[in-house]
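K.L.:
Structure file input-v2.csv (CSV, C-alpha atoms) is given on the next line.
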```csv
chain,number,residue,atom,x,y,z
A,1,MET,CA,77.5,105.3,-14.2
A,2,THR,CA,80.6,107.5,-13.9
A,3,GLU,CA,79.8,109.2,-17.2
A,4,THR,CA,76.2,109.7,-16.1
A,5,ARG,CA,77.3,111.2,-12.8
A,6,TRP,CA,79.7,113.6,-14.7
A,7,ASN,CA,76.9,114.6,-17.0
A,8,TYR,CA,74.7,115.6,-14.1
A,9,ASN,CA,77.6,117.3,-12.4
A,10,ARG,CA,77.7,119.6,-15.4
A,11,THR,CA,74.0,120.2,-14.9
A,12,LEU,CA,74.7,121.2,-11.4
A,13,TYR,CA,77.5,123.5,-12.5
A,14,ALA,CA,75.2,125.2,-15.0
A,15,SER,CA,72.5,125.5,-12.3
A,16,TYR,CA,75.1,127.1,-9.9
A,17,LEU,CA,76.1,129.6,-12.6
A,18,GLY,CA,72.4,130.2,-13.2
A,19,TYR,CA,72.1,131.6,-9.7
A,20,VAL,CA,75.2,133.7,-10.3
A,21,CYS,CA,73.4,135.2,-13.3
A,22,GLN,CA,70.4,135.9,-11.1
A,23,ALA,CA,72.7,137.6,-8.6
A,24,ILE,CA,74.0,139.8,-11.4
A,25,VAL,CA,70.6,141.0,-12.5
A,26,ASN,CA,69.3,141.6,-9.0
A,27,ASN,CA,72.4,143.4,-7.6
A,28,LEU,CA,74.2,145.3,-10.3
A,29,ALA,CA,71.6,148.1,-10.6
A,30,PRO,CA,71.4,148.8,-6.9
A,31,LEU,CA,75.2,149.4,-6.9
A,32,LEU,CA,74.6,152.1,-9.5
A,33,PHE,CA,71.5,153.7,-7.9
A,34,LEU,CA,73.1,156.9,-6.9
A,35,THR,CA,75.2,157.0,-10.1
A,36,LEU,CA,72.0,156.6,-12.1
A,37,GLN,CA,70.4,159.3,-10.1
A,38,ARG,CA,73.2,161.7,-10.7
A,39,THR,CA,73.6,160.8,-14.4
A,40,TYR,CA,70.0,161.0,-15.5
A,41,GLY,CA,68.5,163.3,-12.8
A,42,ILE,CA,66.0,160.8,-11.5
A,43,SER,CA,64.3,160.9,-8.1
A,44,LEU,CA,64.6,158.5,-5.2
A,45,GLY,CA,61.0,157.4,-6.0
A,46,GLN,CA,62.0,156.5,-9.6
A,47,ILE,CA,65.0,154.6,-8.3
A,48,THR,CA,62.6,152.7,-6.0
A,49,LEU,CA,60.3,152.0,-9.0
A,50,LEU,CA,63.2,150.2,-10.8
A,51,VAL,CA,63.4,147.7,-7.9
A,52,THR,CA,59.6,147.3,-7.9
A,53,PHE,CA,59.5,146.9,-11.6
A,54,ASN,CA,62.3,144.3,-11.7
A,55,PHE,CA,60.6,142.0,-9.2
A,56,GLY,CA,57.1,142.9,-10.4
A,57,VAL,CA,58.0,141.6,-13.9
A,58,GLN,CA,59.7,138.5,-12.3
A,59,LEU,CA,56.4,138.0,-10.4
A,60,LEU,CA,54.4,138.0,-13.6
A,61,VAL,CA,56.8,135.6,-15.2
A,62,ASP,CA,56.6,133.3,-12.3
A,63,LEU,CA,52.8,133.3,-12.7
A,64,ALA,CA,52.8,132.9,-16.5
A,65,SER,CA,55.5,130.1,-16.4
A,66,THR,CA,52.9,127.7,-15.0
A,67,LEU,CA,51.3,127.8,-18.5
A,68,PHE,CA,54.3,127.2,-20.7
A,69,VAL,CA,57.4,125.7,-18.8
A,70,ASP,CA,56.2,122.1,-18.9
A,71,ARG,CA,55.1,122.5,-22.5
A,72,LEU,CA,58.4,124.1,-23.8
A,73,GLY,CA,60.6,122.0,-21.5
A,74,TYR,CA,63.1,123.0,-18.8
A,75,ARG,CA,66.1,123.2,-21.2
A,76,ARG,CA,64.6,125.5,-23.8
A,77,CYS,CA,63.2,127.8,-21.1
A,78,ALA,CA,66.6,127.9,-19.3
A,79,VAL,CA,68.3,129.0,-22.5
A,80,ILE,CA,65.6,131.7,-23.1
A,81,ALA,CA,66.1,132.9,-19.5
A,82,HIS,CA,69.8,133.4,-19.9
A,83,VAL,CA,69.5,135.1,-23.3
A,84,CYS,CA,67.0,137.6,-21.8
A,85,CYS,CA,69.4,138.3,-18.9
A,86,ALA,CA,72.2,139.0,-21.3
A,87,LEU,CA,70.1,141.3,-23.5
A,88,GLY,CA,68.8,143.2,-20.5
A,89,LEU,CA,72.2,143.8,-18.9
A,90,ALA,CA,73.6,145.0,-22.2
A,91,GLY,CA,70.5,147.2,-22.5
A,92,LEU,CA,71.2,148.8,-19.2
A,93,ALA,CA,74.2,150.5,-20.8
A,94,VAL,CA,72.7,151.1,-24.2
A,95,LEU,CA,69.0,151.7,-24.1
A,96,PRO,CA,69.0,154.9,-21.9
A,97,GLU,CA,71.2,156.5,-24.6
A,98,LEU,CA,69.1,155.3,-27.5
A,99,LEU,CA,65.6,156.1,-26.3
A,100,PRO,CA,64.2,159.7,-26.1
A,101,HIS,CA,63.9,159.5,-22.3
A,102,PRO,CA,66.7,157.7,-20.4
A,103,TYR,CA,64.4,156.5,-17.7
A,104,VAL,CA,62.3,154.6,-20.2
A,105,GLY,CA,65.5,153.0,-21.5
A,106,LEU,CA,66.3,151.9,-17.9
A,107,LEU,CA,62.8,150.4,-17.5
A,108,ALA,CA,63.1,148.5,-20.8
A,109,ALA,CA,66.4,147.0,-19.8
A,110,VAL,CA,65.1,146.1,-16.4
A,111,CYS,CA,62.1,144.4,-18.0
A,112,LEU,CA,64.3,142.3,-20.2
A,113,TYR,CA,66.6,141.0,-17.5
A,114,ALA,CA,63.7,140.6,-15.1
A,115,VAL,CA,62.1,138.1,-17.5
A,116,GLY,CA,65.3,136.1,-17.4
A,117,GLY,CA,65.6,136.4,-13.7
A,118,GLY,CA,62.0,135.2,-13.1
A,119,LEU,CA,62.5,132.2,-15.3
A,120,ILE,CA,65.8,131.3,-13.6
A,121,GLU,CA,64.0,131.4,-10.2
A,122,VAL,CA,61.3,129.1,-11.5
A,123,LEU,CA,63.6,126.6,-13.3
A,124,ILE,CA,66.8,126.1,-11.4
A,125,SER,CA,65.5,124.7,-8.2
A,126,PRO,CA,63.3,122.0,-9.8
A,127,ILE,CA,66.2,121.2,-12.2
A,128,VAL,CA,68.4,120.5,-9.3
A,129,GLU,CA,65.6,118.7,-7.4
A,130,ALA,CA,65.2,116.4,-10.4
A,131,CYS,CA,68.9,115.5,-10.5
A,132,PRO,CA,69.8,112.0,-9.1
A,133,THR,CA,71.4,113.4,-5.9
A,134,GLU,CA,70.9,112.6,-2.2
A,135,LYS,CA,70.2,115.0,0.7
A,136,LYS,CA,67.9,117.3,-1.3
A,137,ASP,CA,67.6,120.0,1.4
A,138,ALA,CA,71.4,120.2,1.6
A,139,ALA,CA,71.7,120.3,-2.2
A,140,MET,CA,69.1,123.1,-2.3
A,141,SER,CA,70.9,125.2,0.4
A,142,LEU,CA,74.2,124.7,-1.4
A,143,LEU,CA,72.6,125.7,-4.8
A,144,HIS,CA,71.2,128.9,-3.3
A,145,SER,CA,74.6,129.8,-1.7
A,146,PHE,CA,75.8,130.4,-5.3
A,147,TYR,CA,73.4,133.3,-5.4
A,148,CYS,CA,75.4,134.8,-2.5
A,149,TRP,CA,78.8,134.1,-4.1
A,150,GLY,CA,77.4,135.7,-7.2
A,151,CYS,CA,76.5,138.8,-5.2
A,152,VAL,CA,80.0,138.9,-3.7
A,153,LEU,CA,81.5,138.6,-7.1
A,154,VAL,CA,79.3,141.3,-8.6
A,155,ILE,CA,79.8,143.7,-5.7
A,156,ALA,CA,83.6,143.2,-5.3
A,157,LEU,CA,84.5,143.3,-9.0
A,158,SER,CA,82.1,146.1,-9.8
A,159,THR,CA,83.4,148.2,-6.9
A,160,ALA,CA,87.0,147.6,-7.9
A,161,PHE,CA,86.1,148.4,-11.5
A,162,LEU,CA,84.5,151.8,-10.6
A,163,ALA,CA,87.2,152.6,-8.1
A,164,LEU,CA,90.0,152.1,-10.7
A,165,LEU,CA,88.3,153.5,-13.8
A,166,GLY,CA,85.9,156.0,-12.2
A,167,SER,CA,82.1,156.2,-12.0
A,168,ASP,CA,81.9,157.7,-15.5
A,169,SER,CA,82.9,154.3,-16.9
A,170,TRP,CA,79.9,152.6,-15.4
A,171,ARG,CA,78.3,151.7,-18.7
A,172,MET,CA,81.0,149.2,-19.4
A,173,LEU,CA,80.0,147.1,-16.3
A,174,PRO,CA,76.7,145.8,-17.5
A,175,LEU,CA,78.2,145.0,-20.9
A,176,LEU,CA,80.9,142.9,-19.3
A,177,TRP,CA,78.5,141.1,-16.9
A,178,ALA,CA,76.2,140.3,-19.8
A,179,LEU,CA,78.8,137.8,-21.0
A,180,VAL,CA,78.1,135.5,-18.0
A,181,PRO,CA,74.5,134.6,-18.8
A,182,ALA,CA,75.4,134.5,-22.6
A,183,ALA,CA,77.9,131.7,-21.8
A,184,ASN,CA,75.5,129.9,-19.5
A,185,ALA,CA,72.9,129.8,-22.2
A,186,MET,CA,75.2,127.8,-24.3
A,187,LEU,CA,76.0,125.5,-21.4
A,188,PHE,CA,72.3,124.8,-20.7
A,189,SER,CA,71.8,123.9,-24.3
A,190,ARG,CA,74.1,120.9,-23.9
A,191,VAL,CA,73.7,119.4,-20.3
A,192,PRO,CA,71.2,116.7,-19.4
A,193,VAL,CA,68.0,118.1,-17.8
A,194,ASN,CA,65.3,116.0,-16.1
A,195,SER,CA,61.7,116.8,-15.4
A,196,LEU,CA,60.6,117.0,-11.8
A,197,THR,CA,57.5,114.9,-12.3
A,198,PRO,CA,56.2,112.7,-15.2
A,199,GLU,CA,54.2,114.6,-17.8
A,200,GLY,CA,50.9,115.5,-16.3
A,201,GLY,CA,51.9,114.1,-12.9
A,202,GLY,CA,52.2,117.3,-10.9
A,203,MET,CA,49.5,119.2,-9.1
A,204,SER,CA,47.6,121.8,-11.1
A,205,VAL,CA,47.5,125.4,-10.1
A,206,ARG,CA,43.9,125.0,-9.2
A,207,GLU,CA,44.7,122.1,-6.8
A,208,LEU,CA,47.5,124.1,-5.2
A,209,LEU,CA,45.3,127.2,-4.7
A,210,ARG,CA,42.8,125.0,-2.9
A,211,SER,CA,45.4,123.8,-0.4
A,212,SER,CA,45.8,125.8,2.9
A,213,GLY,CA,49.3,124.3,3.2
A,214,PHE,CA,50.3,126.0,-0.1
A,215,TRP,CA,49.0,129.4,1.0
A,216,LEU,CA,51.1,129.1,4.2
A,217,LEU,CA,54.2,128.2,2.2
A,218,ALA,CA,53.5,131.1,-0.1
A,219,LEU,CA,53.3,133.5,2.9
A,220,LEU,CA,56.6,132.2,4.2
A,221,MET,CA,58.2,132.8,0.8
A,222,VAL,CA,56.9,136.4,0.6
A,223,CYS,CA,58.4,137.1,4.0
A,224,ALA,CA,61.7,135.3,3.1
A,225,GLY,CA,62.1,137.4,0.0
A,226,ALA,CA,61.2,140.6,1.7
A,227,SER,CA,63.4,140.0,4.7
A,228,GLU,CA,66.4,139.4,2.4
A,229,LEU,CA,65.9,142.1,-0.2
A,230,SER,CA,64.8,144.9,2.1
A,231,MET,CA,68.3,145.0,3.4
A,232,SER,CA,70.4,143.8,0.4
A,233,GLN,CA,68.8,146.2,-2.1
A,234,TRP,CA,69.3,149.3,0.1
A,235,ALA,CA,72.6,148.3,1.8
A,236,SER,CA,74.8,150.3,-0.6
A,237,ALA,CA,72.7,153.4,-0.5
A,238,PHE,CA,72.2,153.1,3.3
A,239,ALA,CA,76.0,152.9,3.8
A,240,GLU,CA,76.7,155.8,1.5
A,241,LYS,CA,73.8,158.1,2.2
A,242,GLY,CA,72.6,157.0,5.6
A,243,LEU,CA,75.9,156.5,7.3
A,244,GLY,CA,78.1,158.9,5.4
A,245,ILE,CA,80.6,156.2,4.3
A,246,SER,CA,82.4,156.3,0.9
A,247,LYS,CA,80.8,154.3,-1.9
A,248,THR,CA,83.8,151.9,-2.2
A,249,LEU,CA,84.0,151.1,1.5
A,250,GLY,CA,80.2,151.1,1.8
A,251,ASP,CA,79.7,148.6,-1.0
A,252,LEU,CA,82.3,146.2,0.5
A,253,ALA,CA,81.2,146.6,4.1
A,254,GLY,CA,77.5,146.7,3.4
A,255,PRO,CA,76.0,144.5,0.6
A,256,CYS,CA,79.2,142.5,0.1
A,257,PHE,CA,79.5,141.6,3.8
A,258,PHE,CA,75.7,140.8,3.7
A,259,ALA,CA,76.2,138.4,0.8
A,260,VAL,CA,79.3,136.7,2.3
A,261,LEU,CA,77.5,135.9,5.5
A,262,MET,CA,74.3,134.8,3.7
A,263,GLY,CA,76.3,132.4,1.6
A,264,LEU,CA,78.2,131.1,4.7
A,265,ALA,CA,74.8,130.3,6.4
A,266,ARG,CA,73.7,128.3,3.4
A,267,VAL,CA,77.0,126.4,3.1
A,268,LEU,CA,77.1,125.6,6.8
A,269,TYR,CA,73.5,124.3,6.7
A,270,ALA,CA,74.4,122.1,3.7
A,271,ALA,CA,77.4,120.7,5.6
A,272,PHE,CA,75.5,120.0,8.8
A,273,SER,CA,71.9,119.4,7.6
A,274,ASP,CA,71.8,115.9,9.0
A,275,ARG,CA,72.4,117.3,12.5
A,276,ILE,CA,70.3,120.4,12.4
A,277,SER,CA,66.5,120.8,12.4
A,278,LEU,CA,65.7,122.9,9.3
A,279,LEU,CA,62.6,124.4,10.9
A,280,GLY,CA,64.4,125.2,14.2
A,281,PHE,CA,67.3,126.8,12.2
A,282,MET,CA,64.8,129.0,10.3
A,283,ARG,CA,63.1,130.1,13.5
A,284,GLY,CA,66.4,131.1,15.1
A,285,SER,CA,67.3,132.9,11.9
A,286,CYS,CA,64.1,135.0,12.1
A,287,VAL,CA,65.0,136.1,15.6
A,288,LEU,CA,68.5,137.1,14.5
A,289,CYS,CA,67.0,138.9,11.5
A,290,VAL,CA,64.9,141.1,13.7
A,291,ALA,CA,67.9,141.8,15.9
A,292,SER,CA,70.1,142.7,12.9
A,293,TYR,CA,67.6,145.2,11.5
A,294,LEU,CA,67.4,146.9,14.9
A,295,LEU,CA,71.2,147.0,15.1
A,296,ALA,CA,71.5,148.6,11.7
A,297,VAL,CA,68.8,151.2,12.5
A,298,PHE,CA,69.7,152.2,16.0
A,299,ALA,CA,73.5,151.6,16.3
A,300,PRO,CA,75.3,154.7,17.5
A,301,HIS,CA,78.3,154.1,15.3
A,302,PRO,CA,78.5,153.3,11.5
A,303,ALA,CA,80.7,150.2,12.1
A,304,LEU,CA,77.9,148.7,14.3
A,305,ALA,CA,75.3,149.6,11.7
A,306,LEU,CA,77.3,147.8,9.0
A,307,LEU,CA,77.6,144.9,11.4
A,308,GLY,CA,73.8,144.8,11.5
A,309,CYS,CA,73.8,144.7,7.7
A,310,GLY,CA,76.1,141.7,7.6
A,311,LEU,CA,74.3,139.8,10.4
A,312,CYS,CA,71.1,140.3,8.4
A,313,GLY,CA,72.7,138.3,5.6
A,314,LEU,CA,73.6,135.5,8.0
A,315,SER,CA,70.1,135.5,9.4
A,316,VAL,CA,68.2,135.3,6.0
A,317,GLY,CA,70.5,132.8,4.4
A,318,ILE,CA,68.4,129.7,5.1
A,319,LEU,CA,65.0,131.3,4.7
A,320,TRP,CA,64.4,131.1,0.9
A,321,PRO,CA,66.0,127.7,0.3
A,322,GLY,CA,64.5,126.4,3.5
A,323,VAL,CA,61.0,127.1,2.4
A,324,PHE,CA,61.7,125.5,-1.0
A,325,SER,CA,63.0,122.4,0.8
A,326,ILE,CA,60.0,122.2,3.2
A,327,ALA,CA,57.7,122.6,0.2
A,328,ALA,CA,59.4,119.8,-1.8
A,329,GLY,CA,59.4,117.5,1.2
A,330,ARG,CA,55.8,118.1,2.4
A,331,MET,CA,54.1,118.6,-1.0
A,332,PRO,CA,56.2,116.2,-3.3
A,333,ALA,CA,53.4,116.1,-6.0
A,334,GLY,CA,53.5,119.9,-6.4
A,335,GLY,CA,55.8,119.7,-9.4
A,336,THR,CA,56.7,122.7,-11.6
A,337,ALA,CA,53.5,124.6,-10.6
A,338,LEU,CA,54.5,124.5,-6.9
A,339,PHE,CA,58.0,125.9,-7.5
A,340,ALA,CA,56.7,128.5,-9.9
A,341,LEU,CA,54.0,129.8,-7.5
A,342,LEU,CA,56.5,129.8,-4.6
A,343,ALA,CA,58.9,131.7,-6.7
A,344,LEU,CA,56.1,134.1,-7.4
A,345,GLY,CA,55.6,134.6,-3.7
A,346,GLY,CA,59.3,135.1,-3.1
A,347,ASP,CA,59.4,137.7,-5.9
A,348,LEU,CA,56.4,139.4,-4.4
A,349,GLY,CA,58.4,139.7,-1.2
A,350,CYS,CA,61.5,140.8,-3.1
A,351,SER,CA,59.4,143.6,-4.7
A,352,SER,CA,57.3,144.6,-1.7
A,353,GLY,CA,60.1,144.7,0.9
A,354,PRO,CA,62.5,147.1,-0.9
A,355,THR,CA,59.5,149.1,-2.1
A,356,LEU,CA,58.2,149.5,1.5
A,357,VAL,CA,61.7,150.6,2.6
A,358,GLY,CA,61.9,153.2,-0.2
A,359,PHE,CA,58.5,154.7,0.3
A,360,VAL,CA,58.7,154.8,4.1
A,361,SER,CA,62.1,156.4,3.8
A,362,GLU,CA,60.9,159.0,1.3
A,363,ARG,CA,57.9,159.9,3.6
A,364,ALA,CA,60.4,160.3,6.4
A,365,GLY,CA,62.4,162.9,4.5
A,366,GLY,CA,64.9,160.5,2.9
A,367,VAL,CA,65.9,158.8,6.2
A,368,LEU,CA,66.6,155.2,5.2
A,369,GLN,CA,66.7,154.0,8.8
A,370,ALA,CA,62.9,154.6,9.0
A,371,GLY,CA,62.3,152.3,6.0
A,372,LEU,CA,64.6,149.6,7.4
A,373,LEU,CA,62.8,149.7,10.7
A,374,ALA,CA,59.4,149.1,8.9
A,375,ALA,CA,60.9,145.9,7.3
A,376,ILE,CA,61.1,144.1,10.6
A,377,LEU,CA,57.5,143.2,10.0
A,378,PHE,CA,58.6,140.5,7.5
A,379,PRO,CA,60.8,138.2,9.7
A,380,LEU,CA,58.2,138.5,12.5
A,381,VAL,CA,55.4,137.2,10.3
A,382,LEU,CA,57.7,134.4,9.0
A,383,LEU,CA,58.5,133.4,12.5
A,384,ALA,CA,54.8,133.3,13.5
A,385,GLY,CA,53.9,131.4,10.3
A,386,SER,CA,56.5,128.7,11.0
A,387,PHE,CA,54.6,127.6,14.1
A,388,TRP,CA,51.6,126.8,11.9
A,389,LEU,CA,53.4,124.4,9.6
A,390,ARG,CA,53.0,121.2,11.7
A,391,ARG,CA,49.3,121.8,12.1
A,392,ILE,CA,48.5,122.8,8.5
A,393,LEU,CA,51.2,120.8,6.6
A,394,PRO,CA,52.4,117.8,8.6
A,395,GLU,CA,55.8,116.4,7.8
A,396,ARG,CA,55.8,113.3,5.6
A,397,HIS,CA,57.7,110.2,6.8
```
Just give me the structure as structure tokens.
P.N.:
Amino acid sequence: MTETRWNYNRTLYASYLGYVCQAIVNNLAPLLFLTLQRTYGISLGQITLLVTFNFGVQLLVDLASTLFVDRLGYRRCAVIAHVCCALGLAGLAVLPELLPHPYVGLLAAVCLYAVGGGLIEVLISPIVEACPTEKKDAAMSLLHSFYCWGCVLVIALSTAFLALLGSDSWRMLPLLWALVPAANAMLFSRVPVNSLTPEGGGMSVRELLRSSGFWLLALLMVCAGASELSMSQWASAFAEKGLGISKTLGDLAGPCFFAVLMGLARVLYAAFSDRISLLGFMRGSCVLCVASYLLAVFAPHPALALLGCGLCGLSVGILWPGVFSIAAGRMPAGGTALFALLALGGDLGCSSGPTLVGFVSERAGGVLQAGLLAAILFPLVLLAGSFWLRRILPERH
């Protein structure tokens, strides 16, 4: 029994590191947005397209994974996912120099690591859900907190690296970060991995698509992803360009502060989940999310605007893992298809939220505050949708 527990602990460690890898692929490029713009002479719209392309590819992978994940198995797909992440990160440094047009090289690298990121999002949550552990909602929240700690690690170490060696050395960063998913690919090749449901026992995609409860959960996931990424993807550029703060200070006080508070929210819920209503906690978080966006946009002083960025991280912390936990509890037969389609919804939000911010900002003459104000739509819709859960998808006892 002790040996079995230790083996599954290693599975959990690999899963935690998997979310660190996803944090790397989702957050490294945004730290380099303005550097890439200066280096290759690309527009704000093209920078926005990198975000859209990243999560658009992840969305397609989420959808396609329903066709092959159960057939290939969780372990093999997890290894493939991490190899793609490693190749894509390395390509971010190499491909723009090899291909005739640097922007095509950037898109190719983003495509590679987006395939890995999409598979990680589909696989890791059901792998942890299938582990023999108690308090599944707490375990899910703790798992997703490692995405936040990965964000902090990426932001802090990358910022320190660029501050010490200069922005001209930026190409070394993705090469170094590529070592993390490469190592985790080897770890996932060795740890025990269970299936979420017996073969053929989960709901089919057709069955899920016929369920009104699934569509409500999917809407909540779209809004959760958009509420989080609308701020986190633009926090660095917002601090540097919108507030006139230096890149080093802006990265630490903007996206890094955001990630720390997001992780803190997930750890606190994991610690006190038996005393806190998940749905009530999510509703309060939506209200705080709206307030934090308003503070970031309308604050008269940069320090208050950065406080709004950080509070946004605290507010969105529970939204994504919370929807996963609700789905697992209220649709237990959903299986891999449920997690894959919800990940698709989340990635649709991760793509549409930052894209909306970018395009609204560009139409407003490059004023990022205008785009962030438009993003308030997402937590408001999530809040409204949460009140329909009991009617459409009653809690199981």
K.L.:
Hey, which of A:Gly334, A:Gly118, A:Gly254, A:Gly385 ends up closest to Cys21 (chain A)? Count all atoms listed in the file.
P.N.:
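Of A:Gly334, A:Gly118, A:Gly254, A:Gly385, the one nearest Cys21 (chain A) is A:Gly118, counting all atoms listed in the file.
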K.L.:
Between CA of Thr66 (chain A) and CA of Cys148 (chain A), what is the distance, to one decimal in Å?
P.N.:
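These atoms are spaced 26.7 Å apart.
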K.L.:
Tell me, as a PyMOL selection string, which residues lie within 6 Å of Gly349 (chain A), counting only C-alpha atoms; anything in the same chain fewer than 4 positions away does not count.
P.N.:
chain A and resi 222-223+225-226+353
K.L.:
Choose the residue, out of A:Ile376, A:Cys77, A:Leu89, A:Cys111, that has the smallest atom-to-atom separation from Ala224 (chain A); count all atoms listed in the file.
P.N.:
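Residue with the minimum atom-to-atom distance to Ala224 (chain A): A:Ile376.
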K.L.:
Report, in Å to a single decimal, how far apart CA of Ala86 (chain A) and CA of Ala178 (chain A) are.
P.N.:
4.5 Å
K.L.:
Using only C-alpha atoms, determine which residues lie at most 10 Å from Ala291 (chain A), disregarding the query and same-chain residues fewer than 4 positions distant; provide the list as a list of chain:residue names.
P.N.:
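My list of contacting residues is A:Ser285, A:Cys286, A:Val287, A:Leu295, A:Ala296, A:Gly308, A:Leu311, A:Cys312, A:Ser315, A:Ile376.
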K.L.:
Do you know which residues are at most 8 Å from Glu121 (chain A) counting all atoms listed in the file, after dropping those on the same chain fewer than 5 positions away, and could you put them as a list in words?
P.N.:
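Those residues are Gln22, Asp62, Ala340 and Ala343 of chain A.
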K.L.:
Rank A:Phe33, A:Tyr269, A:Phe378, A:Phe257 by their smallest atom-to-atom distance to Lys135 (chain A), using all atoms listed in the file, and report the top residue only.
P.N.:
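Of all the options, A:Tyr269 lies closest to Lys135 (chain A).
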K.L.:
Which protein, DNA or RNA residues have an atom at most 12 Å from (75.6, 131.8, -7.7), counting all atoms listed in the file? List them as a ChimeraX atom specification.
P.N.:
/A:12-26,120-121,124,141-154,180-181,184,259-260,262-263,266
K.L.:
Considering only C-alpha atoms, can you say which of A:Tyr103, A:Leu264, A:Gln369, A:Ser204 comes closest to Leu67 (chain A)?
P.N.:
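Of A:Tyr103, A:Leu264, A:Gln369, A:Ser204, the one nearest Leu67 (chain A) is A:Ser204, counting only C-alpha atoms.
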K.L.:
Grab the CA of Ala130 (chain A) to CA of Tyr8 (chain A) distance for me, in Å with one decimal place.
P.N.:
10.2 Å
K.L.:
Pick from A:Asn54, A:Ser167, A:Thr133, A:Thr48: nearest to Asn9 (chain A), with all atoms listed in the file counted?
P.N.:
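Distance minimum relative to Asn9 (chain A) lands on A:Thr133.
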K.L.:
Taking only C-alpha atoms into account, name the residue in A:Gly116, A:Gly284, A:Gly41, A:Gly166 that is nearest to Leu87 (chain A).
P.N.:
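Of the candidates, the smallest distance to Leu87 (chain A) is held by A:Gly116.
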K.L.:
Near Leu187 (chain A), counting all atoms listed in the file, which residues have an atom at most 9 Å away, once you skip same-chain residues fewer than 6 positions from it, shown as an MDAnalysis selection string?
P.N.:
chainID A and resid 10:11 14 79
